[in-house]
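One file, data24.pdb, is given below (PDB, N, CA and C atoms and all ligand atoms).
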```pdb
ATOM      1  N   MET A  29      -7.193  -0.280 -14.697
ATOM      2  CA  MET A  29      -8.018  -1.485 -14.509
ATOM      3  C   MET A  29      -9.435  -1.129 -14.068
ATOM      4  N   ALA A  30      -9.809   0.088 -14.372
ATOM      5  CA  ALA A  30     -11.159   0.495 -13.981
ATOM      6  C   ALA A  30     -12.194  -0.242 -14.811
ATOM      7  N   GLY A  31     -13.296  -0.570 -14.170
ATOM      8  CA  GLY A  31     -14.371  -1.233 -14.899
ATOM      9  C   GLY A  31     -14.122  -2.716 -15.097
ATOM     10  N   ASP A  32     -13.191  -3.260 -14.315
ATOM     11  CA  ASP A  32     -12.905  -4.690 -14.435
ATOM     12  C   ASP A  32     -14.079  -5.523 -13.930
ATOM     13  N   THR A  33     -14.736  -4.985 -12.921
ATOM     14  CA  THR A  33     -15.922  -5.654 -12.394
ATOM     15  C   THR A  33     -17.131  -4.727 -12.544
ATOM     16  N   PRO A  34     -17.725  -4.767 -13.703
ATOM     17  CA  PRO A  34     -18.868  -3.869 -13.974
ATOM     18  C   PRO A  34     -20.031  -4.107 -13.025
ATOM     19  N   LYS A  35     -20.572  -3.006 -12.577
ATOM     20  CA  LYS A  35     -21.728  -3.115 -11.688
ATOM     21  C   LYS A  35     -22.983  -3.414 -12.501
ATOM     22  N   LYS A  36     -23.845  -4.119 -11.876
ATOM     23  CA  LYS A  36     -25.124  -4.407 -12.510
ATOM     24  C   LYS A  36     -26.227  -3.816 -11.643
ATOM     25  N   PRO A  37     -26.648  -2.626 -11.993
ATOM     26  CA  PRO A  37     -27.681  -1.946 -11.198
ATOM     27  C   PRO A  37     -28.919  -2.808 -11.044
ATOM     28  N   GLY A  38     -29.396  -2.870  -9.838
ATOM     29  CA  GLY A  38     -30.605  -3.661  -9.627
ATOM     30  C   GLY A  38     -30.279  -5.015  -9.038
ATOM     31  N   GLN A  39     -29.204  -5.585  -9.494
ATOM     32  CA  GLN A  39     -28.840  -6.899  -8.971
ATOM     33  C   GLN A  39     -28.290  -6.766  -7.553
ATOM     34  N   GLY A  40     -28.826  -7.534  -6.657
ATOM     35  CA  GLY A  40     -28.404  -7.425  -5.274
ATOM     36  C   GLY A  40     -29.307  -6.498  -4.490
ATOM     37  N   GLN A  41     -29.817  -5.510  -5.182
ATOM     38  CA  GLN A  41     -30.712  -4.568  -4.524
ATOM     39  C   GLN A  41     -31.960  -5.286  -4.024
ATOM     40  N   GLN A  42     -32.401  -6.203  -4.807
ATOM     41  CA  GLN A  42     -33.620  -6.913  -4.450
ATOM     42  C   GLN A  42     -33.383  -7.779  -3.207
ATOM     43  N   GLU A  43     -32.168  -8.238  -3.029
ATOM     44  CA  GLU A  43     -31.868  -9.033  -1.844
ATOM     45  C   GLU A  43     -31.921  -8.163  -0.597
ATOM     46  N   VAL A  44     -31.399  -6.948  -0.748
ATOM     47  CA  VAL A  44     -31.368  -6.026   0.385
ATOM     48  C   VAL A  44     -32.770  -5.666   0.839
ATOM     49  N   PHE A  45     -33.603  -5.376  -0.131
ATOM     50  CA  PHE A  45     -34.945  -4.925   0.200
ATOM     51  C   PHE A  45     -35.960  -6.065   0.159
ATOM     52  N   GLY A  46     -35.459  -7.237  -0.155
ATOM     53  CA  GLY A  46     -36.363  -8.373  -0.277
ATOM     54  C   GLY A  46     -37.110  -8.661   1.003
ATOM     55  N   ASP A  47     -36.443  -8.455   2.130
ATOM     56  CA  ASP A  47     -37.094  -8.735   3.398
ATOM     57  C   ASP A  47     -38.215  -7.754   3.686
ATOM     58  N   LEU A  48     -38.008  -6.530   3.190
ATOM     59  CA  LEU A  48     -38.997  -5.497   3.465
ATOM     60  C   LEU A  48     -40.196  -5.608   2.542
ATOM     61  N   TYR A  49     -39.922  -5.946   1.303
ATOM     62  CA  TYR A  49     -40.990  -5.937   0.318
ATOM     63  C   TYR A  49     -41.126  -7.301  -0.322
ATOM     64  N   ASP A  50     -41.362  -8.279   0.512
ATOM     65  CA  ASP A  50     -41.472  -9.626  -0.035
ATOM     66  C   ASP A  50     -42.922  -9.996  -0.345
ATOM     67  N   GLU A  51     -43.778  -8.993  -0.263
ATOM     68  CA  GLU A  51     -45.162  -9.259  -0.606
ATOM     69  C   GLU A  51     -45.320  -9.413  -2.108
ATOM     70  N   GLN A  52     -46.306 -10.170  -2.494
ATOM     71  CA  GLN A  52     -46.600 -10.292  -3.907
ATOM     72  C   GLN A  52     -47.435  -9.094  -4.322
ATOM     73  N   VAL A  53     -46.847  -8.240  -5.137
ATOM     74  CA  VAL A  53     -47.555  -7.064  -5.603
ATOM     75  C   VAL A  53     -48.081  -7.327  -7.006
ATOM     76  N   ALA A  54     -49.362  -7.213  -7.139
ATOM     77  CA  ALA A  54     -49.974  -7.494  -8.437
ATOM     78  C   ALA A  54     -49.798  -6.319  -9.384
ATOM     79  N   CYS A  55     -49.486  -6.631 -10.620
ATOM     80  CA  CYS A  55     -49.350  -5.602 -11.645
ATOM     81  C   CYS A  55     -50.715  -4.965 -11.912
ATOM     82  N   PRO A  56     -50.776  -3.641 -11.894
ATOM     83  CA  PRO A  56     -52.063  -2.965 -12.124
ATOM     84  C   PRO A  56     -52.528  -3.067 -13.566
ATOM     85  N   TRP A  57     -51.610  -3.477 -14.439
ATOM     86  CA  TRP A  57     -51.946  -3.526 -15.876
ATOM     87  C   TRP A  57     -52.444  -4.904 -16.286
ATOM     88  N   CYS A  58     -51.740  -5.933 -15.867
ATOM     89  CA  CYS A  58     -52.134  -7.282 -16.303
ATOM     90  C   CYS A  58     -52.447  -8.194 -15.124
ATOM     91  N   GLU A  59     -52.359  -7.627 -13.902
ATOM     92  CA  GLU A  59     -52.717  -8.348 -12.675
ATOM     93  C   GLU A  59     -51.802  -9.530 -12.393
ATOM     94  N   SER A  60     -50.657  -9.550 -13.044
ATOM     95  CA  SER A  60     -49.688 -10.599 -12.775
ATOM     96  C   SER A  60     -48.941 -10.295 -11.483
ATOM     97  N   THR A  61     -48.580 -11.325 -10.753
ATOM     98  CA  THR A  61     -47.781 -11.111  -9.540
ATOM     99  C   THR A  61     -46.308 -11.383  -9.808
ATOM    100  N   ASN A  62     -45.985 -11.537 -11.082
ATOM    101  CA  ASN A  62     -44.595 -11.737 -11.476
ATOM    102  C   ASN A  62     -43.897 -10.382 -11.570
ATOM    103  N   THR A  63     -43.752  -9.737 -10.423
ATOM    104  CA  THR A  63     -43.194  -8.389 -10.373
ATOM    105  C   THR A  63     -41.999  -8.354  -9.432
ATOM    106  N   HIS A  64     -41.183  -7.322  -9.580
ATOM    107  CA  HIS A  64     -40.058  -7.174  -8.673
ATOM    108  C   HIS A  64     -39.773  -5.697  -8.430
ATOM    109  N   VAL A  65     -39.055  -5.440  -7.358
ATOM    110  CA  VAL A  65     -38.739  -4.065  -7.003
ATOM    111  C   VAL A  65     -37.642  -3.522  -7.908
ATOM    112  N   VAL A  66     -37.902  -2.383  -8.517
ATOM    113  CA  VAL A  66     -36.890  -1.728  -9.342
ATOM    114  C   VAL A  66     -36.085  -0.764  -8.491
ATOM    115  N   SER A  67     -36.800  -0.005  -7.696
ATOM    116  CA  SER A  67     -36.175   0.963  -6.815
ATOM    117  C   SER A  67     -36.997   1.055  -5.536
ATOM    118  N   PRO A  68     -36.320   1.163  -4.396
ATOM    119  CA  PRO A  68     -37.059   1.256  -3.132
ATOM    120  C   PRO A  68     -37.846   2.549  -3.013
ATOM    121  N   PHE A  69     -37.497   3.506  -3.855
ATOM    122  CA  PHE A  69     -38.221   4.769  -3.833
ATOM    123  C   PHE A  69     -38.676   5.137  -5.237
ATOM    124  N   GLY A  70     -39.927   5.474  -5.343
ATOM    125  CA  GLY A  70     -40.463   5.894  -6.628
ATOM    126  C   GLY A  70     -40.524   7.400  -6.694
ATOM    127  N   GLY A  71     -41.656   7.910  -7.173
ATOM    128  CA  GLY A  71     -41.819   9.351  -7.299
ATOM    129  C   GLY A  71     -41.878  10.042  -5.957
ATOM    130  N   THR A  72     -42.352   9.313  -4.955
ATOM    131  CA  THR A  72     -42.418   9.866  -3.613
ATOM    132  C   THR A  72     -41.771   8.880  -2.652
ATOM    133  N   VAL A  73     -41.551   9.329  -1.441
ATOM    134  CA  VAL A  73     -40.900   8.473  -0.446
ATOM    135  C   VAL A  73     -41.755   7.255  -0.121
ATOM    136  N   SER A  74     -43.055   7.459  -0.216
ATOM    137  CA  SER A  74     -43.967   6.377   0.164
ATOM    138  C   SER A  74     -44.265   5.440  -0.998
ATOM    139  N   GLU A  75     -43.561   5.647  -2.096
ATOM    140  CA  GLU A  75     -43.834   4.845  -3.277
ATOM    141  C   GLU A  75     -42.606   4.032  -3.672
ATOM    142  N   ILE A  76     -42.846   2.803  -4.075
ATOM    143  CA  ILE A  76     -41.769   1.943  -4.545
ATOM    144  C   ILE A  76     -41.969   1.699  -6.034
ATOM    145  N   SER A  77     -40.875   1.800  -6.779
ATOM    146  CA  SER A  77     -40.980   1.521  -8.207
ATOM    147  C   SER A  77     -40.919   0.020  -8.437
ATOM    148  N   MET A  78     -41.925  -0.494  -9.080
ATOM    149  CA  MET A  78     -41.995  -1.920  -9.366
ATOM    150  C   MET A  78     -41.996  -2.140 -10.875
ATOM    151  N   LYS A  79     -41.584  -3.320 -11.286
ATOM    152  CA  LYS A  79     -41.663  -3.661 -12.692
ATOM    153  C   LYS A  79     -42.298  -5.034 -12.851
ATOM    154  N   CYS A  80     -43.184  -5.111 -13.812
ATOM    155  CA  CYS A  80     -43.845  -6.371 -14.106
ATOM    156  C   CYS A  80     -43.014  -7.141 -15.133
ATOM    157  N   ASP A  81     -42.721  -8.387 -14.814
ATOM    158  CA  ASP A  81     -41.909  -9.190 -15.731
ATOM    159  C   ASP A  81     -42.735  -9.799 -16.863
ATOM    160  N   ASP A  82     -44.026  -9.700 -16.737
ATOM    161  CA  ASP A  82     -44.888 -10.261 -17.774
ATOM    162  C   ASP A  82     -45.159  -9.263 -18.894
ATOM    163  N   CYS A  83     -45.611  -8.063 -18.516
ATOM    164  CA  CYS A  83     -45.939  -7.078 -19.550
ATOM    165  C   CYS A  83     -44.872  -5.986 -19.630
ATOM    166  N   LYS A  84     -43.811  -6.139 -18.809
ATOM    167  CA  LYS A  84     -42.665  -5.228 -18.850
ATOM    168  C   LYS A  84     -43.022  -3.784 -18.502
ATOM    169  N   SER A  85     -44.110  -3.615 -17.809
ATOM    170  CA  SER A  85     -44.519  -2.272 -17.424
ATOM    171  C   SER A  85     -43.975  -1.938 -16.041
ATOM    172  N   THR A  86     -43.663  -0.658 -15.856
ATOM    173  CA  THR A  86     -43.255  -0.210 -14.536
ATOM    174  C   THR A  86     -44.420   0.521 -13.890
ATOM    175  N   PHE A  87     -44.478   0.413 -12.593
ATOM    176  CA  PHE A  87     -45.552   1.096 -11.886
ATOM    177  C   PHE A  87     -45.101   1.398 -10.467
ATOM    178  N   GLY A  88     -45.739   2.395  -9.889
ATOM    179  CA  GLY A  88     -45.423   2.764  -8.522
ATOM    180  C   GLY A  88     -46.359   2.069  -7.559
ATOM    181  N   TRP A  89     -45.768   1.497  -6.533
ATOM    182  CA  TRP A  89     -46.585   0.789  -5.546
ATOM    183  C   TRP A  89     -46.463   1.511  -4.212
ATOM    184  N   MET A  90     -47.581   1.892  -3.666
ATOM    185  CA  MET A  90     -47.563   2.598  -2.402
ATOM    186  C   MET A  90     -47.314   1.620  -1.260
ATOM    187  N   LYS A  91     -46.329   1.947  -0.439
ATOM    188  CA  LYS A  91     -45.962   1.056   0.664
ATOM    189  C   LYS A  91     -47.142   0.776   1.585
ATOM    190  N   TRP A  92     -47.921   1.811   1.799
ATOM    191  CA  TRP A  92     -49.002   1.677   2.781
ATOM    192  C   TRP A  92     -50.354   1.540   2.112
ATOM    193  N   GLU A  93     -50.317   0.966   0.935
ATOM    194  CA  GLU A  93     -51.568   0.779   0.220
ATOM    195  C   GLU A  93     -52.538  -0.070   1.042
ATOM    196  N   GLY A  94     -53.726   0.438   1.194
ATOM    197  CA  GLY A  94     -54.721  -0.293   1.967
ATOM    198  C   GLY A  94     -54.587  -0.087   3.463
ATOM    199  N   LYS A  95     -53.563   0.641   3.853
ATOM    200  CA  LYS A  95     -53.352   0.861   5.279
ATOM    201  C   LYS A  95     -53.335   2.356   5.613
ATOM    202  N   LEU A  96     -53.838   3.140   4.679
ATOM    203  CA  LEU A  96     -53.819   4.575   4.892
ATOM    204  C   LEU A  96     -54.773   4.977   6.007
ATOM    205  N   PRO A  97     -54.296   5.818   6.915
ATOM    206  CA  PRO A  97     -55.153   6.288   7.999
ATOM    207  C   PRO A  97     -56.268   7.173   7.475
ATOM    208  N   GLY A  98     -57.416   7.076   8.076
ATOM    209  CA  GLY A  98     -58.528   7.912   7.673
ATOM    210  C   GLY A  98     -59.415   7.235   6.641
ATOM    211  N   GLU A  99     -58.990   6.103   6.123
ATOM    212  CA  GLU A  99     -59.825   5.388   5.156
ATOM    213  C   GLU A  99     -60.932   4.624   5.847
TER
HETATM  214 ZN    ZN B 101     -48.002  -6.653 -15.960
END
```

Represent the structure from my file as structure tokens, please.
Amino acid sequence: MAGDTPKKPGQGQQEVFGDLYDEQVACPWCESTNTHVVSPFGGTVSEISMKCDDCKSTFGWMKWEGKLPGE
């Protein structure tokens, strides 16, 4: 009976991290804010993988964007 309840990667994940990343992140390609978190970690620990629902592009969003020390 394996696979009776197929997992849907991504679903539910957004609820878990929704509290942390509930900011509206604008898509760097089309500037749409219709984006959602794909993965809490992108290429680096400080990066979150986001996907734009308008142009279907994925992009990395830095958690501390605009808050980097030394700027
Ligand atoms: Zn976009």

Within 6.5 Å of ligand ZN 101 (chain B), counting all atoms listed in the file, which protein or nucleic acid residues do you find, written as a PDB file with N, CA and C atoms, keeping the file's coordinate frame?
```pdb
ATOM      1  N   CYS A  55     -49.486  -6.631 -10.620  1.00  0.00           N
ATOM      2  CA  CYS A  55     -49.350  -5.602 -11.645  1.00  0.00           C
ATOM      3  C   CYS A  55     -50.715  -4.965 -11.912  1.00  0.00           C
ATOM      4  N   PRO A  56     -50.776  -3.641 -11.894  1.00  0.00           N
ATOM      5  CA  PRO A  56     -52.063  -2.965 -12.124  1.00  0.00           C
ATOM      6  C   PRO A  56     -52.528  -3.067 -13.566  1.00  0.00           C
ATOM      7  N   TRP A  57     -51.610  -3.477 -14.439  1.00  0.00           N
ATOM      8  CA  TRP A  57     -51.946  -3.526 -15.876  1.00  0.00           C
ATOM      9  C   TRP A  57     -52.444  -4.904 -16.286  1.00  0.00           C
ATOM     10  N   CYS A  58     -51.740  -5.933 -15.867  1.00  0.00           N
ATOM     11  CA  CYS A  58     -52.134  -7.282 -16.303  1.00  0.00           C
ATOM     12  C   CYS A  58     -52.447  -8.194 -15.124  1.00  0.00           C
ATOM     13  N   GLU A  59     -52.359  -7.627 -13.902  1.00  0.00           N
ATOM     14  CA  GLU A  59     -52.717  -8.348 -12.675  1.00  0.00           C
ATOM     15  C   GLU A  59     -51.802  -9.530 -12.393  1.00  0.00           C
ATOM     16  N   SER A  60     -50.657  -9.550 -13.044  1.00  0.00           N
ATOM     17  CA  SER A  60     -49.688 -10.599 -12.775  1.00  0.00           C
ATOM     18  C   SER A  60     -48.941 -10.295 -11.483  1.00  0.00           C
ATOM     19  N   CYS A  80     -43.184  -5.111 -13.812  1.00  0.00           N
ATOM     20  CA  CYS A  80     -43.845  -6.371 -14.106  1.00  0.00           C
ATOM     21  C   CYS A  80     -43.014  -7.141 -15.133  1.00  0.00           C
ATOM     22  N   ASP A  81     -42.721  -8.387 -14.814  1.00  0.00           N
ATOM     23  CA  ASP A  81     -41.909  -9.190 -15.731  1.00  0.00           C
ATOM     24  C   ASP A  81     -42.735  -9.799 -16.863  1.00  0.00           C
ATOM     25  N   ASP A  82     -44.026  -9.700 -16.737  1.00  0.00           N
ATOM     26  CA  ASP A  82     -44.888 -10.261 -17.774  1.00  0.00           C
ATOM     27  C   ASP A  82     -45.159  -9.263 -18.894  1.00  0.00           C
ATOM     28  N   CYS A  83     -45.611  -8.063 -18.516  1.00  0.00           N
ATOM     29  CA  CYS A  83     -45.939  -7.078 -19.550  1.00  0.00           C
ATOM     30  C   CYS A  83     -44.872  -5.986 -19.630  1.00  0.00           C
ATOM     31  N   LYS A  84     -43.811  -6.139 -18.809  1.00  0.00           N
ATOM     32  CA  LYS A  84     -42.665  -5.228 -18.850  1.00  0.00           C
ATOM     33  C   LYS A  84     -43.022  -3.784 -18.502  1.00  0.00           C
ATOM     34  N   SER A  85     -44.110  -3.615 -17.809  1.00  0.00           N
ATOM     35  CA  SER A  85     -44.519  -2.272 -17.424  1.00  0.00           C
ATOM     36  C   SER A  85     -43.975  -1.938 -16.041  1.00  0.00           C
TER      37      SER A  85
END
```

Q: Please measure the separation of atom N of Ser67 of chain A and atom CA of Lys79 of chain A, giving the value in Å to one decimal.
A: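 Distance between the two atoms: 7.9 Å.
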
Q. What is the atom CA of Thr61 of chain A-atom CA of Ser74 of chain A distance in Å, reported with one decimal?
A.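 One can read the atom CA of Thr61 of chain A to atom CA of Ser74 of chain A distance as 20.4 Å.
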
Q. Atom CA of Met90 of chain A to atom C of Asn62 of chain A: how many Å, to one decimal?
A. 16.3 Å

Q. Which polymer residues have any atom within 7 Å of an atom of Val65 of chain A, counting only N, CA and C atoms, with same-chain residues fewer than 4 positions away left out, as a ChimeraX atom specification?
A. /A:42,76-79

Could the residues in this selection be saved with N, CA and C atoms as a PDB file, in the coordinates of the input?
```pdb
ATOM      1  N   GLN A  42     -32.401  -6.203  -4.807  1.00  0.00           N
ATOM      2  CA  GLN A  42     -33.620  -6.913  -4.450  1.00  0.00           C
ATOM      3  C   GLN A  42     -33.383  -7.779  -3.207  1.00  0.00           C
ATOM      4  N   ILE A  76     -42.846   2.803  -4.075  1.00  0.00           N
ATOM      5  CA  ILE A  76     -41.769   1.943  -4.545  1.00  0.00           C
ATOM      6  C   ILE A  76     -41.969   1.699  -6.034  1.00  0.00           C
ATOM      7  N   SER A  77     -40.875   1.800  -6.779  1.00  0.00           N
ATOM      8  CA  SER A  77     -40.980   1.521  -8.207  1.00  0.00           C
ATOM      9  C   SER A  77     -40.919   0.020  -8.437  1.00  0.00           C
ATOM     10  N   MET A  78     -41.925  -0.494  -9.080  1.00  0.00           N
ATOM     11  CA  MET A  78     -41.995  -1.920  -9.366  1.00  0.00           C
ATOM     12  C   MET A  78     -41.996  -2.140 -10.875  1.00  0.00           C
ATOM     13  N   LYS A  79     -41.584  -3.320 -11.286  1.00  0.00           N
ATOM     14  CA  LYS A  79     -41.663  -3.661 -12.692  1.00  0.00           C
ATOM     15  C   LYS A  79     -42.298  -5.034 -12.851  1.00  0.00           C
TER      16      LYS A  79
END
```
